[in-house]
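Structure data follow from structure.pdb (PDB, C-alpha atoms):
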MODEL        1
ATOM      1  CA  MET A   1       0.000   0.000   0.000
ATOM      2  CA  ARG A   2       1.379   3.374  -1.025
ATOM      3  CA  LYS A   3       0.782   5.542   2.012
ATOM      4  CA  ALA A   4       2.275   8.692   3.477
ATOM      5  CA  THR A   5       1.818  11.060   6.385
ATOM      6  CA  VAL A   6       3.306  14.537   6.121
ATOM      7  CA  VAL A   7       3.230  17.257   8.782
ATOM      8  CA  ARG A   8       4.223  20.864   8.200
ATOM      9  CA  LYS A   9       4.432  23.367  11.063
ATOM     10  CA  THR A  10       5.276  27.018  10.554
ATOM     11  CA  LYS A  11       4.559  30.188  12.510
ATOM     12  CA  GLU A  12       1.507  30.609  10.261
ATOM     13  CA  THR A  13       0.106  27.107   9.796
ATOM     14  CA  GLU A  14       0.024  23.550  11.064
ATOM     15  CA  ILE A  15      -0.977  21.059   8.363
ATOM     16  CA  THR A  16      -1.223  17.261   8.540
ATOM     17  CA  VAL A  17      -1.996  15.123   5.481
ATOM     18  CA  LYS A  18      -2.544  11.366   5.629
ATOM     19  CA  LEU A  19      -2.782   9.705   2.226
ATOM     20  CA  ASN A  20      -3.359   6.247   0.828
ATOM     21  CA  VAL A  21      -2.969   6.349  -2.955
ATOM     22  CA  ASP A  22      -4.537   2.882  -3.239
ATOM     23  CA  GLY A  23      -7.555   3.775  -1.174
ATOM     24  CA  LYS A  24     -11.317   3.486  -1.332
ATOM     25  CA  ALA A  25     -12.286   7.162  -1.599
ATOM     26  CA  LYS A  26     -12.549   7.783   2.141
ATOM     27  CA  SER A  27     -11.875  11.348   3.193
ATOM     28  CA  LYS A  28     -11.851  13.501   6.296
ATOM     29  CA  ILE A  29     -11.025  17.082   5.374
ATOM     30  CA  ASN A  30     -10.891  20.054   7.730
ATOM     31  CA  THR A  31      -8.974  23.013   6.323
ATOM     32  CA  GLY A  32     -11.024  25.798   7.880
ATOM     33  CA  ILE A  33     -11.998  26.845   4.323
ATOM     34  CA  GLY A  34     -15.429  25.380   3.601
ATOM     35  CA  LEU A  35     -15.370  25.453  -0.192
ATOM     36  CA  LEU A  36     -11.878  23.943  -0.279
ATOM     37  CA  ASP A  37     -12.971  21.127   2.044
ATOM     38  CA  HIS A  38     -15.739  20.215  -0.377
ATOM     39  CA  MET A  39     -13.453  20.368  -3.418
ATOM     40  CA  LEU A  40     -10.805  18.157  -1.802
ATOM     41  CA  GLU A  41     -13.500  15.643  -0.833
ATOM     42  CA  LEU A  42     -14.520  15.497  -4.513
ATOM     43  CA  PHE A  43     -10.862  15.087  -5.525
ATOM     44  CA  ALA A  44     -10.362  12.153  -3.136
ATOM     45  CA  PHE A  45     -13.673  10.526  -4.079
ATOM     46  CA  HIS A  46     -13.095  10.575  -7.828
ATOM     47  CA  GLY A  47      -9.404   9.681  -7.499
ATOM     48  CA  LEU A  48     -10.225   6.792  -5.141
ATOM     49  CA  PHE A  49      -7.679   8.126  -2.651
ATOM     50  CA  ASP A  50      -8.052   7.867   1.112
ATOM     51  CA  LEU A  51      -7.258  11.374   2.292
ATOM     52  CA  GLU A  52      -7.234  13.072   5.674
ATOM     53  CA  ILE A  53      -6.286  16.737   5.942
ATOM     54  CA  SER A  54      -6.204  18.704   9.166
ATOM     55  CA  ALA A  55      -5.212  22.356   8.914
ATOM     56  CA  LYS A  56      -4.881  25.167  11.411
ATOM     57  CA  GLY A  57      -3.804  28.505  10.060
ATOM     58  CA  ASP A  58      -3.874  32.259  10.471
ATOM     59  CA  LEU A  59      -7.303  32.524   8.846
ATOM     60  CA  LYS A  60      -8.013  35.649  10.892
ATOM     61  CA  VAL A  61      -5.433  37.353   8.657
ATOM     62  CA  ASP A  62      -6.488  35.712   5.371
ATOM     63  CA  ILE A  63      -6.540  32.272   3.735
ATOM     64  CA  HIS A  64      -3.341  32.615   1.712
ATOM     65  CA  HIS A  65      -0.882  30.787   3.980
ATOM     66  CA  THR A  66      -3.271  27.964   4.861
ATOM     67  CA  ASN A  67      -4.341  27.441   1.256
ATOM     68  CA  GLU A  68      -0.792  27.416  -0.137
ATOM     69  CA  ASP A  69       0.584  25.201   2.628
ATOM     70  CA  ILE A  70      -2.164  22.640   1.993
ATOM     71  CA  GLY A  71      -0.966  22.476  -1.614
ATOM     72  CA  ILE A  72       2.630  22.054  -0.446
ATOM     73  CA  VAL A  73       1.854  19.240   1.988
ATOM     74  CA  LEU A  74      -0.550  17.448  -0.352
ATOM     75  CA  GLY A  75       2.105  17.435  -3.085
ATOM     76  CA  GLN A  76       4.737  16.179  -0.635
ATOM     77  CA  ALA A  77       2.401  13.400   0.537
ATOM     78  CA  PHE A  78       1.845  12.120  -3.008
ATOM     79  CA  LYS A  79       5.575  12.314  -3.755
ATOM     80  CA  LYS A  80       6.428  10.395  -0.584
ATOM     81  CA  ALA A  81       3.715   7.765  -1.150
ATOM     82  CA  LEU A  82       4.824   7.139  -4.746
ATOM     83  CA  GLY A  83       8.443   6.558  -3.724
ATOM     84  CA  ASN A  84      10.707   6.012  -6.744
ATOM     85  CA  LYS A  85       7.597   5.942  -9.057
ATOM     86  CA  GLU A  86       8.397   2.391 -10.172
ATOM     87  CA  GLY A  87       5.632   0.890 -12.307
ATOM     88  CA  ILE A  88       3.331   3.934 -12.416
ATOM     89  CA  ARG A  89       1.723   5.038 -15.654
ATOM     90  CA  ARG A  90       3.069   8.570 -15.047
ATOM     91  CA  PHE A  91       0.603  10.344 -17.372
ATOM     92  CA  GLY A  92      -3.075  11.018 -16.781
ATOM     93  CA  SER A  93      -5.776  13.189 -18.281
ATOM     94  CA  ALA A  94      -9.492  13.718 -17.777
ATOM     95  CA  THR A  95     -12.247  16.010 -19.006
ATOM     96  CA  VAL A  96     -15.281  16.572 -16.786
ATOM     97  CA  PRO A  97     -18.347  18.747 -17.441
ATOM     98  CA  MET A  98     -20.617  20.489 -14.956
ATOM     99  CA  GLU A  99     -23.457  22.384 -16.557
ATOM    100  CA  GLU A 100     -21.827  24.719 -19.090
ATOM    101  CA  VAL A 101     -18.341  24.406 -17.578
ATOM    102  CA  VAL A 102     -15.909  21.840 -19.003
ATOM    103  CA  ALA A 103     -12.665  21.228 -17.110
ATOM    104  CA  SER A 104      -9.696  19.428 -18.661
ATOM    105  CA  VAL A 105      -6.735  18.252 -16.613
ATOM    106  CA  ALA A 106      -3.474  16.745 -17.872
ATOM    107  CA  ILE A 107      -0.697  15.603 -15.554
ATOM    108  CA  ASP A 108       2.774  14.140 -15.997
ATOM    109  CA  ILE A 109       4.581  12.961 -12.865
ATOM    110  CA  ASN A 110       8.056  13.604 -14.248
ATOM    111  CA  GLY A 111       9.948  15.115 -11.308
ATOM    112  CA  ARG A 112       9.704  18.674 -12.618
ATOM    113  CA  GLY A 113       7.113  20.988 -11.129
ATOM    114  CA  PHE A 114       5.121  23.162 -13.513
ATOM    115  CA  PHE A 115       1.565  24.503 -13.351
ATOM    116  CA  LYS A 116      -0.540  26.355 -15.908
ATOM    117  CA  LEU A 117      -4.208  27.340 -15.823
ATOM    118  CA  ASN A 118      -5.821  28.121 -19.164
ATOM    119  CA  LYS A 119      -9.231  29.720 -18.932
ATOM    120  CA  ASP A 120     -11.347  31.917 -21.093
ATOM    121  CA  SER A 121     -12.129  35.506 -20.183
ATOM    122  CA  GLY A 122     -15.083  34.586 -17.975
ATOM    123  CA  LEU A 123     -15.032  36.070 -14.478
ATOM    124  CA  THR A 124     -15.745  34.206 -11.262
ATOM    125  CA  LYS A 125     -16.981  35.726  -8.044
ATOM    126  CA  PRO A 126     -15.232  34.804  -4.776
ATOM    127  CA  SER A 127     -17.095  32.409  -2.502
ATOM    128  CA  ASP A 128     -16.651  32.849   1.266
ATOM    129  CA  GLY A 129     -13.346  34.609   0.683
ATOM    130  CA  TYR A 130     -12.067  31.927  -1.727
ATOM    131  CA  ASP A 131     -11.166  32.953  -5.269
ATOM    132  CA  LEU A 132      -9.794  31.480  -8.498
ATOM    133  CA  LYS A 133      -6.383  33.007  -7.695
ATOM    134  CA  ASP A 134      -6.345  30.978  -4.478
ATOM    135  CA  VAL A 135      -6.896  27.797  -6.482
ATOM    136  CA  GLU A 136      -3.986  28.729  -8.733
ATOM    137  CA  HIS A 137      -1.710  29.103  -5.680
ATOM    138  CA  LEU A 138      -2.920  25.753  -4.315
ATOM    139  CA  PHE A 139      -2.264  23.885  -7.574
ATOM    140  CA  ASP A 140       1.076  25.603  -8.174
ATOM    141  CA  ALA A 141       2.281  24.523  -4.721
ATOM    142  CA  PHE A 142       0.896  21.020  -5.281
ATOM    143  CA  ALA A 143       2.548  20.538  -8.683
ATOM    144  CA  ASN A 144       5.914  21.854  -7.548
ATOM    145  CA  ASN A 145       6.022  19.700  -4.423
ATOM    146  CA  LEU A 146       4.825  16.548  -6.192
ATOM    147  CA  GLY A 147       7.194  17.172  -9.083
ATOM    148  CA  ALA A 148       4.616  17.112 -11.837
ATOM    149  CA  ASN A 149       3.560  19.061 -14.894
ATOM    150  CA  LEU A 150      -0.066  20.040 -14.298
ATOM    151  CA  VAL A 151      -2.079  21.848 -16.965
ATOM    152  CA  ILE A 152      -5.721  22.717 -16.338
ATOM    153  CA  GLY A 153      -8.205  24.192 -18.786
ATOM    154  CA  ILE A 154     -11.579  25.705 -17.885
ATOM    155  CA  LYS A 155     -14.157  26.647 -20.540
ATOM    156  CA  PRO A 156     -15.969  28.775 -19.683
ATOM    157  CA  ALA A 157     -15.195  30.103 -16.210
ATOM    158  CA  VAL A 158     -18.577  31.197 -14.870
ATOM    159  CA  ALA A 159     -19.556  33.632 -12.151
ATOM    160  CA  ASP A 160     -20.351  30.854  -9.680
ATOM    161  CA  LEU A 161     -16.986  29.678  -8.318
ATOM    162  CA  HIS A 162     -18.422  26.389  -7.050
ATOM    163  CA  THR A 163     -19.660  25.463 -10.541
ATOM    164  CA  THR A 164     -16.337  26.532 -12.068
ATOM    165  CA  LEU A 165     -14.170  24.543  -9.635
ATOM    166  CA  GLU A 166     -16.136  21.343  -9.077
ATOM    167  CA  PRO A 167     -15.326  19.739 -12.453
ATOM    168  CA  VAL A 168     -11.680  20.806 -12.041
ATOM    169  CA  PHE A 169     -11.205  18.903  -8.789
ATOM    170  CA  LYS A 170     -13.119  15.891 -10.113
ATOM    171  CA  ALA A 171     -10.984  15.818 -13.258
ATOM    172  CA  LEU A 172      -7.789  16.187 -11.219
ATOM    173  CA  GLY A 173      -8.783  13.184  -9.121
ATOM    174  CA  VAL A 174      -9.462  11.050 -12.203
ATOM    175  CA  ALA A 175      -6.260  12.174 -13.985
ATOM    176  CA  LEU A 176      -4.050  11.643 -10.936
ATOM    177  CA  ASP A 177      -5.579   8.211 -10.374
ATOM    178  CA  GLN A 178      -4.655   7.301 -13.969
ATOM    179  CA  ALA A 179      -1.117   8.623 -13.552
ATOM    180  CA  THR A 180      -0.466   6.780 -10.274
ATOM    181  CA  ILE A 181      -1.912   3.386 -11.253
ATOM    182  CA  ILE A 182       0.647   0.591 -11.347
ATOM    183  CA  ASP A 183       0.832  -0.879 -14.843
ATOM    184  CA  PRO A 184       1.889  -4.540 -14.557
ATOM    185  CA  ARG A 185       3.576  -4.309 -17.970
ATOM    186  CA  ARG A 186       5.903  -1.555 -16.766
ATOM    187  CA  LYS A 187       9.215  -2.791 -15.444
ATOM    188  CA  GLY A 188      10.980  -0.122 -13.445
ATOM    189  CA  VAL A 189      10.588   3.642 -13.541
ATOM    190  CA  PRO A 190       8.575   5.096 -16.453
ATOM    191  CA  SER A 191      11.376   7.252 -17.829
ATOM    192  CA  THR A 192      14.043   6.600 -20.447
ATOM    193  CA  LYS A 193      16.439   8.235 -17.948
ATOM    194  CA  GLY A 194      15.725   5.429 -15.488
ATOM    195  CA  ILE A 195      14.879   7.880 -12.710
ATOM    196  CA  ILE A 196      12.192  10.368 -11.752
ATOM    197  CA  ASP A 197      13.340  12.703  -8.974
TER
ENDMDL
END
Write out the structure in this file as structure tokens.
Amino acid sequence: MRKATVVRKTKETEITVKLNVDGKAKSKINTGIGLLDHMLELFAFHGLFDLEISAKGDLKVDIHHTNEDIGIVLGQAFKKALGNKEGIRRFGSATVPMEEVVASVAIDINGRGFFKLNKDSGLTKPSDGYDLKDVEHLFDAFANNLGANLVIGIKPAVADLHTTLEPVFKALGVALDQATIIDPRRKGVPSTKGIID
């Protein structure tokens, strides 16, 4: 079983993530940010990951530190759980609709962190202090700490942030599940270099 527990304590936050990559979609999420809790539950459910996140942060100031540190620790947990990446498929992609919004996610667990969000000119309204920029910070921290190329497309981004984000987190779960599955045909690390850092 590919499992990891990662704890990060700073003067601003205290984050604990417990992850089982080969789980059964069980989650217990408490970040202090309601919309983010819901989105991470969707991510775990559709990725079939067991995921526990406990976060305490300086939310009285704003959500920035807590949100970004969750991305950091979640990325570190996946990296730790996957070990040397032996046998994984490495690549994953998924497209998920919700009403008029279509989210596309592509991921390559290649050891090099990179994140890009492509969206049309539609504007979203913040929900309970959470905004699309916050999601970008979360995913950037996640991709860099996992060591993955992560490219997300949203068409169109609509005013309702919940409707805009829900298919994104579902698609990320599906794509990451694909990328982390062990392919019995694969012998060793899925790289011609023979290593994924």
Find the residues near Lys133 (chain A): any atom within 12 Å, counting all atoms listed in the file, skip ones fewer than 3 places away on the same chain, and give them as a ChimeraX atom specification.
-> /A:63-64,67-68,117,123-127,129-130,136-140,161,165
Could you save the residues just selected, with C-alpha atoms, as a short mmCIF file (atom, residue, chain, number, x, y, z; two decimals), in the frame of the given file?
data_model
loop_
_atom_site.label_atom_id
_atom_site.label_comp_id
_atom_site.auth_asym_id
_atom_site.auth_seq_id
_atom_site.Cartn_x
_atom_site.Cartn_y
_atom_site.Cartn_z
CA ILE A 63 -6.54 32.27 3.74
CA HIS A 64 -3.34 32.62 1.71
CA ASN A 67 -4.34 27.44 1.26
CA GLU A 68 -0.79 27.42 -0.14
CA LEU A 117 -4.21 27.34 -15.82
CA LEU A 123 -15.03 36.07 -14.48
CA THR A 124 -15.74 34.21 -11.26
CA LYS A 125 -16.98 35.73 -8.04
CA PRO A 126 -15.23 34.80 -4.78
CA SER A 127 -17.10 32.41 -2.50
CA GLY A 129 -13.35 34.61 0.68
CA TYR A 130 -12.07 31.93 -1.73
CA GLU A 136 -3.99 28.73 -8.73
CA HIS A 137 -1.71 29.10 -5.68
CA LEU A 138 -2.92 25.75 -4.32
CA PHE A 139 -2.26 23.88 -7.57
CA ASP A 140 1.08 25.60 -8.17
CA LEU A 161 -16.99 29.68 -8.32
CA LEU A 165 -14.17 24.54 -9.64
#
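Near Lys187 (chain A), within a cut-off of 10 Å and counting all atoms listed in the file, sit the residues A:Glu86, A:Gly87, A:Ile88, with same-chain residues fewer than 5 positions away left out.
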Counting all atoms listed in the file, what are the residues of region 109-158 of chain A within 10 Å of region 167-178 of chain A, and for each of them which pair of atoms is the nearest and at what distance in Å, to one decimal? Sort the table by chain and rising number, as a Markdown table.
| residue | atom | partner | partner_atom | distance |
| --- | --- | --- | --- | --- |
| A:Ile109 | CA | A:Leu176 | CA | 8.9 |
| A:Leu150 | CA | A:Leu172 | CA | 9.2 |
| A:Val151 | CA | A:Leu172 | CA | 9.9 |
| A:Ile152 | CA | A:Val168 | CA | 7.6 |
| A:Gly153 | CA | A:Val168 | CA | 8.3 |
| A:Ile154 | CA | A:Val168 | CA | 7.6 |
Would you compute an axis-aligned box for region 9-25 of chain A, covering every atom listed for it in the file with 5 Å of margin on each side, and report centre and edge lengths in Å to one decimal as AutoDock Vina command-line options?
--center_x -3.5 --center_y 16.7 --center_z 4.6 --size_x 27.6 --size_y 37.7 --size_z 25.7
May I have the protein, DNA and RNA residues with any atom at most 8 Å from the point (-11.7, 10.8, -5.0), counting all atoms listed in the file, written as a list of chain:residue names?
-> A:Ala25, A:Lys26, A:Glu41, A:Leu42, A:Phe43, A:Ala44, A:Phe45, A:His46, A:Gly47, A:Leu48, A:Phe49, A:Asp50, A:Lys170, A:Gly173, A:Val174
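Here the question is which of A:Ile107, A:Phe142, A:His38, A:Val102 gets nearest to Arg90 (chain A) using all atoms listed in the file, and that residue is A:Ile107.
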Expansion of the PyMOL selection byres ((chain A and resi 149) around 10) into residues, as an MDAnalysis selection string | chainID A and resid 91 106:116 140 143:144 146:148 150:151
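Of the residues listed (A:Ile15, A:Met1, A:Val61, A:Ile195), A:Ile15 shows the shortest atom-to-atom separation from Leu74 (chain A); distances use all atoms listed in the file.
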Counting all atoms listed in the file, which of A:Ile181, A:Ile196, A:Val6, A:Val189 gets nearest to Arg89 (chain A)?
-> A:Ile181
Residues matched by the PyMOL selection byres ((chain A and resi 37) around 12), written as a PyMOL selection string | chain A and resi 27-36+38-44+51-55+67+70+130+162+166+169
Atomic separation - CA of Asp22 (chain A) relative to CA of Gln76 (chain A), Å |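 Interatomic distance here is 16.4 Å.
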Which residues fall under the PyMOL selection byres ((chain A and resi 2) around 12) in this file, as a list in words?
->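 Checking the PyMOL selection byres ((chain A and resi 2) around 12) against this file, the residues are Met1, Lys3, Ala4, Thr5, Lys18, Leu19, Asn20, Val21, Asp22, Gly23, Phe49, Asp50, Ala77, Phe78, Lys79, Lys80, Ala81, Leu82, Gly83, Asn84, Lys85, Glu86, Ile88, Thr180, Ile181 and Ile182 of chain A.
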From the set A:Val105, A:Leu132, A:Val96, A:Val73, which residue has the shortest atom-to-atom contact distance to Asn145 (chain A), counting only C-alpha atoms?
->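 For Asn145 (chain A), the nearest of the candidates is A:Val73.
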Which one of A:Leu59, A:Ile72, A:Ala157, A:Val135 sits closest to Glu99 (chain A) if you count all atoms listed in the file?
->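 Going through A:Leu59, A:Ile72, A:Ala157, A:Val135 one by one, the smallest distance to Glu99 (chain A) is for A:Ala157.
Separating CA of Glu14 (chain A) from CA of Gly57 (chain A) is a distance of 6.3 Å.
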Residue contacts of Glu100 (chain A) (10 Å, all atoms listed in the file) excluding same-chain residues fewer than 5 positions away, as a VMD selection string = chain A and resid 155 to 158 163 to 164
Correct to one decimal, the distance CA of Thr16 (chain A)-CA of Lys56 (chain A) is 9.2 Å
Output file request: region 119-158 of chain A, with C-alpha atoms, as a short mmCIF file (atom, residue, chain, number, x, y, z; two decimals), in the first residue's frame.
data_model
loop_
_atom_site.label_atom_id
_atom_site.label_comp_id
_atom_site.auth_asym_id
_atom_site.auth_seq_id
_atom_site.Cartn_x
_atom_site.Cartn_y
_atom_site.Cartn_z
CA LYS A 119 -9.23 29.72 -18.93
CA ASP A 120 -11.35 31.92 -21.09
CA SER A 121 -12.13 35.51 -20.18
CA GLY A 122 -15.08 34.59 -17.97
CA LEU A 123 -15.03 36.07 -14.48
CA THR A 124 -15.74 34.21 -11.26
CA LYS A 125 -16.98 35.73 -8.04
CA PRO A 126 -15.23 34.80 -4.78
CA SER A 127 -17.09 32.41 -2.50
CA ASP A 128 -16.65 32.85 1.27
CA GLY A 129 -13.35 34.61 0.68
CA TYR A 130 -12.07 31.93 -1.73
CA ASP A 131 -11.17 32.95 -5.27
CA LEU A 132 -9.79 31.48 -8.50
CA LYS A 133 -6.38 33.01 -7.69
CA ASP A 134 -6.34 30.98 -4.48
CA VAL A 135 -6.90 27.80 -6.48
CA GLU A 136 -3.99 28.73 -8.73
CA HIS A 137 -1.71 29.10 -5.68
CA LEU A 138 -2.92 25.75 -4.31
CA PHE A 139 -2.26 23.89 -7.57
CA ASP A 140 1.08 25.60 -8.17
CA ALA A 141 2.28 24.52 -4.72
CA PHE A 142 0.90 21.02 -5.28
CA ALA A 143 2.55 20.54 -8.68
CA ASN A 144 5.91 21.85 -7.55
CA ASN A 145 6.02 19.70 -4.42
CA LEU A 146 4.83 16.55 -6.19
CA GLY A 147 7.19 17.17 -9.08
CA ALA A 148 4.62 17.11 -11.84
CA ASN A 149 3.56 19.06 -14.89
CA LEU A 150 -0.07 20.04 -14.30
CA VAL A 151 -2.08 21.85 -16.97
CA ILE A 152 -5.72 22.72 -16.34
CA GLY A 153 -8.21 24.19 -18.79
CA ILE A 154 -11.58 25.70 -17.88
CA LYS A 155 -14.16 26.65 -20.54
CA PRO A 156 -15.97 28.78 -19.68
CA ALA A 157 -15.20 30.10 -16.21
CA VAL A 158 -18.58 31.20 -14.87
#
